[in-house]
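Trainee: One structure follows; several queries about it will come next.
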Amino acid sequence: MRNEKKLAEIHRAYEQCKEVFSPSVGIIDVAVEITDEDEYEFYKLAHEFFFQKKQKELIEKGVY
């Protein structure tokens with residue numbers, strides 16, 4: 001049961017990250033206001049992950 005609860009928490013966190021870090025024009029503007037280096041590094045990694053995912057989808061669709 002404990003593993004199921006943790007899995008549900010991880011899934012919720014992933015879904016929230018997917019929404020927050022989805023590629024968009026204005027998202028880079030927010031990053032410049034992050035002063036904590038670790039937080040900024042996390043932001044960059046998360047944003048890059050979802051950006052690359054979107055790029056792959058567009059490539060598969062023949063947009064690129």
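Residues in the structure tokens are named by chain (A, B, ... in the order shown) and by number from 1 within that chain; ligands are numbered from 1 in the order shown.
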Find the spatial neighbours of region 49-60 of chain A, counting only C-alpha atoms, within a cut-off of 10 Å - ignore same-chain residues fewer than 2 positions away - and output them as a PDB file with N, CA, C and O atoms, in the first residue's frame.
Mentor:
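The resulting file, result17.pdb, is shown below:
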ATOM      1  N   CYS A  17       4.498  19.114 -12.964  1.00  0.00           N
ATOM      2  CA  CYS A  17       5.690  19.591 -13.679  1.00  0.00           C
ATOM      3  C   CYS A  17       5.419  19.701 -15.170  1.00  0.00           C
ATOM      4  O   CYS A  17       5.857  20.656 -15.818  1.00  0.00           O
ATOM      5  N   LYS A  18       4.704  18.736 -15.720  1.00  0.00           N
ATOM      6  CA  LYS A  18       4.381  18.763 -17.145  1.00  0.00           C
ATOM      7  C   LYS A  18       3.605  20.025 -17.493  1.00  0.00           C
ATOM      8  O   LYS A  18       3.841  20.644 -18.529  1.00  0.00           O
ATOM      9  N   GLU A  19       2.707  20.417 -16.615  1.00  0.00           N
ATOM     10  CA  GLU A  19       1.907  21.622 -16.860  1.00  0.00           C
ATOM     11  C   GLU A  19       2.741  22.889 -16.664  1.00  0.00           C
ATOM     12  O   GLU A  19       2.725  23.792 -17.500  1.00  0.00           O
ATOM     13  N   VAL A  20       3.506  22.950 -15.593  1.00  0.00           N
ATOM     14  CA  VAL A  20       4.264  24.150 -15.259  1.00  0.00           C
ATOM     15  C   VAL A  20       5.423  24.381 -16.221  1.00  0.00           C
ATOM     16  O   VAL A  20       5.679  25.510 -16.637  1.00  0.00           O
ATOM     17  N   PHE A  21       6.129  23.305 -16.590  1.00  0.00           N
ATOM     18  CA  PHE A  21       7.330  23.445 -17.398  1.00  0.00           C
ATOM     19  C   PHE A  21       7.105  23.193 -18.882  1.00  0.00           C
ATOM     20  O   PHE A  21       8.055  23.051 -19.641  1.00  0.00           O
ATOM     21  N   SER A  22       5.871  23.156 -19.309  1.00  0.00           N
ATOM     22  CA  SER A  22       5.606  22.941 -20.725  1.00  0.00           C
ATOM     23  C   SER A  22       6.204  24.086 -21.533  1.00  0.00           C
ATOM     24  O   SER A  22       6.230  25.229 -21.071  1.00  0.00           O
ATOM     25  N   PRO A  23       6.719  23.760 -22.713  1.00  0.00           N
ATOM     26  CA  PRO A  23       7.331  24.812 -23.529  1.00  0.00           C
ATOM     27  C   PRO A  23       6.325  25.915 -23.866  1.00  0.00           C
ATOM     28  O   PRO A  23       5.241  25.643 -24.364  1.00  0.00           O
ATOM     29  N   SER A  24       6.697  27.118 -23.537  1.00  0.00           N
ATOM     30  CA  SER A  24       5.874  28.266 -23.898  1.00  0.00           C
ATOM     31  C   SER A  24       6.786  29.481 -24.021  1.00  0.00           C
ATOM     32  O   SER A  24       7.894  29.498 -23.502  1.00  0.00           O
ATOM     33  N   TYR A  43      14.857  23.855 -12.475  1.00  0.00           N
ATOM     34  CA  TYR A  43      13.993  24.470 -13.470  1.00  0.00           C
ATOM     35  C   TYR A  43      14.514  24.197 -14.879  1.00  0.00           C
ATOM     36  O   TYR A  43      13.780  23.784 -15.761  1.00  0.00           O
ATOM     37  N   LYS A  44      15.808  24.442 -15.091  1.00  0.00           N
ATOM     38  CA  LYS A  44      16.397  24.239 -16.410  1.00  0.00           C
ATOM     39  C   LYS A  44      16.262  22.792 -16.861  1.00  0.00           C
ATOM     40  O   LYS A  44      15.912  22.534 -18.016  1.00  0.00           O
ATOM     41  N   LEU A  45      16.559  21.859 -15.957  1.00  0.00           N
ATOM     42  CA  LEU A  45      16.482  20.439 -16.325  1.00  0.00           C
ATOM     43  C   LEU A  45      15.055  20.020 -16.655  1.00  0.00           C
ATOM     44  O   LEU A  45      14.811  19.310 -17.630  1.00  0.00           O
ATOM     45  N   ALA A  46      14.108  20.458 -15.836  1.00  0.00           N
ATOM     46  CA  ALA A  46      12.707  20.102 -16.067  1.00  0.00           C
ATOM     47  C   ALA A  46      12.201  20.724 -17.367  1.00  0.00           C
ATOM     48  O   ALA A  46      11.556  20.055 -18.182  1.00  0.00           O
ATOM     49  N   HIS A  47      12.503  21.980 -17.573  1.00  0.00           N
ATOM     50  CA  HIS A  47      12.059  22.661 -18.794  1.00  0.00           C
ATOM     51  C   HIS A  47      12.673  22.002 -20.016  1.00  0.00           C
ATOM     52  O   HIS A  47      11.990  21.765 -21.015  1.00  0.00           O
ATOM     53  N   GLY A  62       6.409  15.363 -38.502  1.00  0.00           N
ATOM     54  CA  GLY A  62       6.942  15.927 -39.738  1.00  0.00           C
ATOM     55  C   GLY A  62       6.959  17.443 -39.781  1.00  0.00           C
ATOM     56  O   GLY A  62       7.123  18.028 -40.844  1.00  0.00           O
ATOM     57  N   VAL A  63       6.782  18.088 -38.649  1.00  0.00           N
ATOM     58  CA  VAL A  63       6.780  19.532 -38.609  1.00  0.00           C
ATOM     59  C   VAL A  63       8.205  20.072 -38.824  1.00  0.00           C
ATOM     60  O   VAL A  63       8.394  21.090 -39.455  1.00  0.00           O
ATOM     61  N   TYR A  64       9.192  19.348 -38.309  1.00  0.00           N
ATOM     62  CA  TYR A  64      10.601  19.728 -38.518  1.00  0.00           C
ATOM     63  C   TYR A  64      11.187  18.913 -39.624  1.00  0.00           C
ATOM     64  O   TYR A  64      10.978  17.781 -39.799  1.00  0.00           O
TER      65      TYR A  64
END
Trainee: In Å, with one decimal, what is the gap from CA of Ala13 (chain A) to CA of Phe42 (chain A)?
Mentor: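 We find that CA of Ala13 (chain A) and CA of Phe42 (chain A) lie 13.6 Å from each other.
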Trainee: Select from chain A everything DSSP, run on the backbone, classes as alpha helix (DSSP H), then give the selection as a PyMOL selection string.
Mentor: chain A and resi 2-20+27-31+37-60
Trainee: Suppose you want the space between CA of Asp38 (chain A) and CA of Arg12 (chain A); what is it in Å?
Mentor: 21.8 Å
Trainee: Using CA of Thr35 (chain A) and CA of Glu9 (chain A) as the two end points, give the distance in Å to one decimal.
Mentor: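 Interatomic distance here is 27.1 Å.
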